[in-house]
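Trainee: Pasting in a structure now, in structure tokens, and then I'll have a few things to ask.
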Amino acid sequence: MYLRRALRSAAYPLQGIWYFLQHPEFYPLFSGRLLPLSIISCLVYFILFTFAFLPQFAFLAIFHGWGAWVNAVVLVLGEGLVIIQGLFEGFFVDECRVDVFDATLINEGFVDLIAPQRILFPEAPNSVKMLGKPTSRAEYQPWSLVQIAELIVYLPLNLIPYIGTPAFIIITGARLGKLSHHRWFKLRGLDRKETKKELRERAWEYTWFGTVAMILELIPILSFFFLLTTSAGAALWVVRMETEARQRLAENQAPPQQPLASDPPPAYHDDPV
């Protein structure tokens with residue numbers, strides 16, 4: 001049961017990649033806005049691996065032996081992620097992620113979720129061009145210094161032999177997963193108490209969704225691309241849950257059917273006296 005739920009939720013970031021590639025209308029969101037940032041992020045990682053990787057590998061090798069290169073790579077990637085998130089993600093990337101999330105829901109027939117929160121152009125040729133300006137605050141996930149600080153605090157886990165790197169990815173992924181449906185909760189108008197309830201109910205699923213998303217986010221150069229594809233995957237997850245919820249609601253509201261008689265009534269015969 002738990003394994004099936006974990007595998008199902010962990011698959012959505014990967015499904016998002018395929019979904020994004022199958023919808024060319026999404027391409028300008030990456031090429032027009034995020035491709036320049038991807039080039040800058042490549043420069044950040046180049047500098048880190050040039051000047052920071054070898055000293056950290058040498059230090060970790062004292063405790064880990066030759067296997068320290070794995071921890072050193074993840075440590076440097078995590079440091080690059082902190083820099084990139086601090087400089088770019090909250091200010092330049094989130095708007096693109098909202099657009100991908102909303103466009104995916106529109107593609108799958110959930111225009112009613114998006115329409116109250118932003119201007120839409122129904123005559124547009126595709127879902128991305130349908131998107132107008134939001135009429136209320138639109139965030140895919142809230143950016144905060146606390147989030148960056150937590151990432152920095154957990155980075156030293158990579159110093160622990162064997163279990164440190166998986167622990168770092170899973171712990172940070174669990175938090176990332178809980179933020180993946182922030183936009184959905186706002187579209188539904190949930191308050192803080194209702195949001196916490198839903199997060200508790202799906203905490204296991206969010207952990208594994210976020211773990212896979214975290215692994216993808218650590219991949220240099222492609223990290224910004226995977227941010228968009230993960231947004232599509234999060235929306236596909238919403239599509240499934242919304243479809244199931246609406247089916248249950250329709251079943252509950254359907255009028256009860258009259259039971260069918262097992263035997264037909266006897267035929268009427270006029271019996272005059």
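Every chain in the structure tokens has a letter given in the order shown (A, B, ...), and although residue numbers restart at 1 in each chain, ligands are simply numbered from 1 in the order shown.
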List every residue of range 97-190 of chain A that DSSP, applied to the backbone of this structure, places in strand (DSSP E or B), and write the result as a PyMOL selection string.
Mentor: chain A and resi 118-120+131-134
Trainee: Would you write out those residues with C-alpha atoms, as a compact mmCIF listing (two decimals), in the first residue's frame?
Mentor:
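Written output follows (again-v4.txt):
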# COMPACT_ATOMS: atom_id res chain seq x y z
CA ARG A 118 -6.99 35.14 -13.83
CA ILE A 119 -8.15 36.65 -17.12
CA LEU A 120 -8.54 34.05 -19.87
CA LEU A 131 -3.53 32.92 -20.02
CA GLY A 132 -3.99 36.57 -19.16
CA LYS A 133 -2.96 38.48 -16.09
CA PRO A 134 -3.89 36.97 -12.72
Trainee: Could you write out, as a PyMOL selection string, all the residues of range 69-239 of chain A that DSSP marks as alpha helix (DSSP H)?
Mentor: chain A and resi 69-84+94-107+111-114+127-130+145-154+164-178+182-187+192-201+203-217+223-239
Trainee: Can you list every residue of range 19-129 of chain A that has an atom at most 7 Å from range 158-166 of chain A, with its nearest atom pair and the distance in Å to one decimal, using only C-alpha atoms, ordered by chain then number, as a tab-separated table?
Mentor:
residue	atom	partner	partner_atom	distance
A:Leu60	CA	A:Leu159	CA	6.6
A:His64	CA	A:Pro161	CA	5.8
A:Asn71	CA	A:Asn158	CA	5.5
A:Leu75	CA	A:Asn158	CA	6.1
Trainee: For all heavy atoms, I'd like the residues from the last selection saved as an mmCIF file, in the first residue's frame.
Mentor:
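Result file result_37.cif:
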data_model
loop_
_atom_site.group_PDB
_atom_site.id
_atom_site.type_symbol
_atom_site.label_atom_id
_atom_site.label_comp_id
_atom_site.auth_asym_id
_atom_site.auth_seq_id
_atom_site.Cartn_x
_atom_site.Cartn_y
_atom_site.Cartn_z
ATOM 1 N N LEU A 60 36.271 15.412 2.616
ATOM 2 C CA LEU A 60 35.358 14.289 2.799
ATOM 3 C C LEU A 60 36.065 12.949 2.648
ATOM 4 O O LEU A 60 35.677 11.955 3.271
ATOM 5 C CB LEU A 60 34.204 14.380 1.790
ATOM 6 C CG LEU A 60 33.212 15.524 2.019
ATOM 7 C CD1 LEU A 60 32.249 15.634 0.841
ATOM 8 C CD2 LEU A 60 32.435 15.310 3.306
ATOM 9 N N HIS A 64 35.336 9.351 4.233
ATOM 10 C CA HIS A 64 34.558 8.493 3.348
ATOM 11 C C HIS A 64 35.416 7.624 2.438
ATOM 12 O O HIS A 64 34.890 6.716 1.797
ATOM 13 C CB HIS A 64 33.651 9.353 2.443
ATOM 14 C CG HIS A 64 32.633 10.164 3.188
ATOM 15 N ND1 HIS A 64 31.330 10.249 2.787
ATOM 16 C CD2 HIS A 64 32.721 10.922 4.300
ATOM 17 C CE1 HIS A 64 30.659 11.043 3.611
ATOM 18 N NE2 HIS A 64 31.499 11.456 4.531
ATOM 19 N N ASN A 71 29.353 12.272 -2.271
ATOM 20 C CA ASN A 71 28.927 13.290 -1.314
ATOM 21 C C ASN A 71 29.409 14.677 -1.730
ATOM 22 O O ASN A 71 28.687 15.667 -1.574
ATOM 23 C CB ASN A 71 29.455 12.957 0.088
ATOM 24 C CG ASN A 71 28.951 11.624 0.597
ATOM 25 O OD1 ASN A 71 29.293 10.578 0.050
ATOM 26 N ND2 ASN A 71 28.152 11.649 1.648
ATOM 27 N N LEU A 75 27.086 17.820 -2.510
ATOM 28 C CA LEU A 75 27.312 19.010 -1.686
ATOM 29 C C LEU A 75 27.492 20.257 -2.557
ATOM 30 O O LEU A 75 26.898 21.304 -2.291
ATOM 31 C CB LEU A 75 28.541 18.798 -0.801
ATOM 32 C CG LEU A 75 28.860 19.900 0.216
ATOM 33 C CD1 LEU A 75 27.706 20.095 1.179
ATOM 34 C CD2 LEU A 75 30.139 19.542 0.988
#
Trainee: May I ask which of the residues A:Leu190, A:Val111, A:Ala103, A:Leu3 is the closest one to Asn126 in chain A, counting only C-alpha atoms?
Mentor: A:Ala103
Trainee: Within 10 Å of Phe225 in chain A, counting only C-alpha atoms, which residues qualify if same-chain residues fewer than 5 places away don't, as a PDB file with N, CA and C atoms, in the first residue's frame?
Mentor:
ATOM      1  N   ILE A  17       7.779  15.582 -17.425  1.00  0.00           N
ATOM      2  CA  ILE A  17       8.776  15.776 -18.487  1.00  0.00           C
ATOM      3  C   ILE A  17       8.169  15.390 -19.842  1.00  0.00           C
ATOM      4  N   PHE A  20       5.369  17.849 -20.872  1.00  0.00           N
ATOM      5  CA  PHE A  20       5.918  19.120 -21.340  1.00  0.00           C
ATOM      6  C   PHE A  20       6.446  18.978 -22.765  1.00  0.00           C
ATOM      7  N   TYR A  27       7.049  25.429 -24.928  1.00  0.00           N
ATOM      8  CA  TYR A  27       8.463  25.678 -25.215  1.00  0.00           C
ATOM      9  C   TYR A  27       8.874  27.145 -25.058  1.00  0.00           C
ATOM     10  N   LEU A  29       7.927  29.285 -23.001  1.00  0.00           N
ATOM     11  CA  LEU A  29       8.075  29.635 -21.585  1.00  0.00           C
ATOM     12  C   LEU A  29       9.494  29.353 -21.107  1.00  0.00           C
ATOM     13  N   PHE A  30      10.095  28.301 -21.656  1.00  0.00           N
ATOM     14  CA  PHE A  30      11.473  27.976 -21.282  1.00  0.00           C
ATOM     15  C   PHE A  30      12.475  28.760 -22.107  1.00  0.00           C
ATOM     16  N   SER A  31      12.326  28.722 -23.418  1.00  0.00           N
ATOM     17  CA  SER A  31      13.336  29.343 -24.286  1.00  0.00           C
ATOM     18  C   SER A  31      13.343  30.858 -24.166  1.00  0.00           C
ATOM     19  N   LEU A  34      13.672  31.349 -19.510  1.00  0.00           N
ATOM     20  CA  LEU A  34      14.570  30.633 -18.606  1.00  0.00           C
ATOM     21  C   LEU A  34      15.866  30.166 -19.242  1.00  0.00           C
ATOM     22  N   LEU A  35      15.930  30.126 -20.565  1.00  0.00           N
ATOM     23  CA  LEU A  35      17.173  29.685 -21.194  1.00  0.00           C
ATOM     24  C   LEU A  35      18.349  30.584 -20.817  1.00  0.00           C
ATOM     25  N   SER A  38      19.445  29.597 -17.444  1.00  0.00           N
ATOM     26  CA  SER A  38      20.126  28.296 -17.458  1.00  0.00           C
ATOM     27  C   SER A  38      21.605  28.467 -17.791  1.00  0.00           C
ATOM     28  N   LEU A 216      15.934  15.924  -9.672  1.00  0.00           N
ATOM     29  CA  LEU A 216      15.931  16.595 -10.967  1.00  0.00           C
ATOM     30  C   LEU A 216      16.453  18.026 -10.850  1.00  0.00           C
ATOM     31  N   GLU A 217      16.100  18.686  -9.752  1.00  0.00           N
ATOM     32  CA  GLU A 217      16.495  20.084  -9.565  1.00  0.00           C
ATOM     33  C   GLU A 217      18.001  20.218  -9.338  1.00  0.00           C
ATOM     34  N   ILE A 219      20.257  18.639 -11.020  1.00  0.00           N
ATOM     35  CA  ILE A 219      20.986  18.385 -12.263  1.00  0.00           C
ATOM     36  C   ILE A 219      21.401  19.715 -12.884  1.00  0.00           C
ATOM     37  N   THR A 230       8.347  19.683 -13.651  1.00  0.00           N
ATOM     38  CA  THR A 230       7.786  19.248 -12.372  1.00  0.00           C
ATOM     39  C   THR A 230       6.469  19.963 -12.086  1.00  0.00           C
TER      40      THR A 230
END
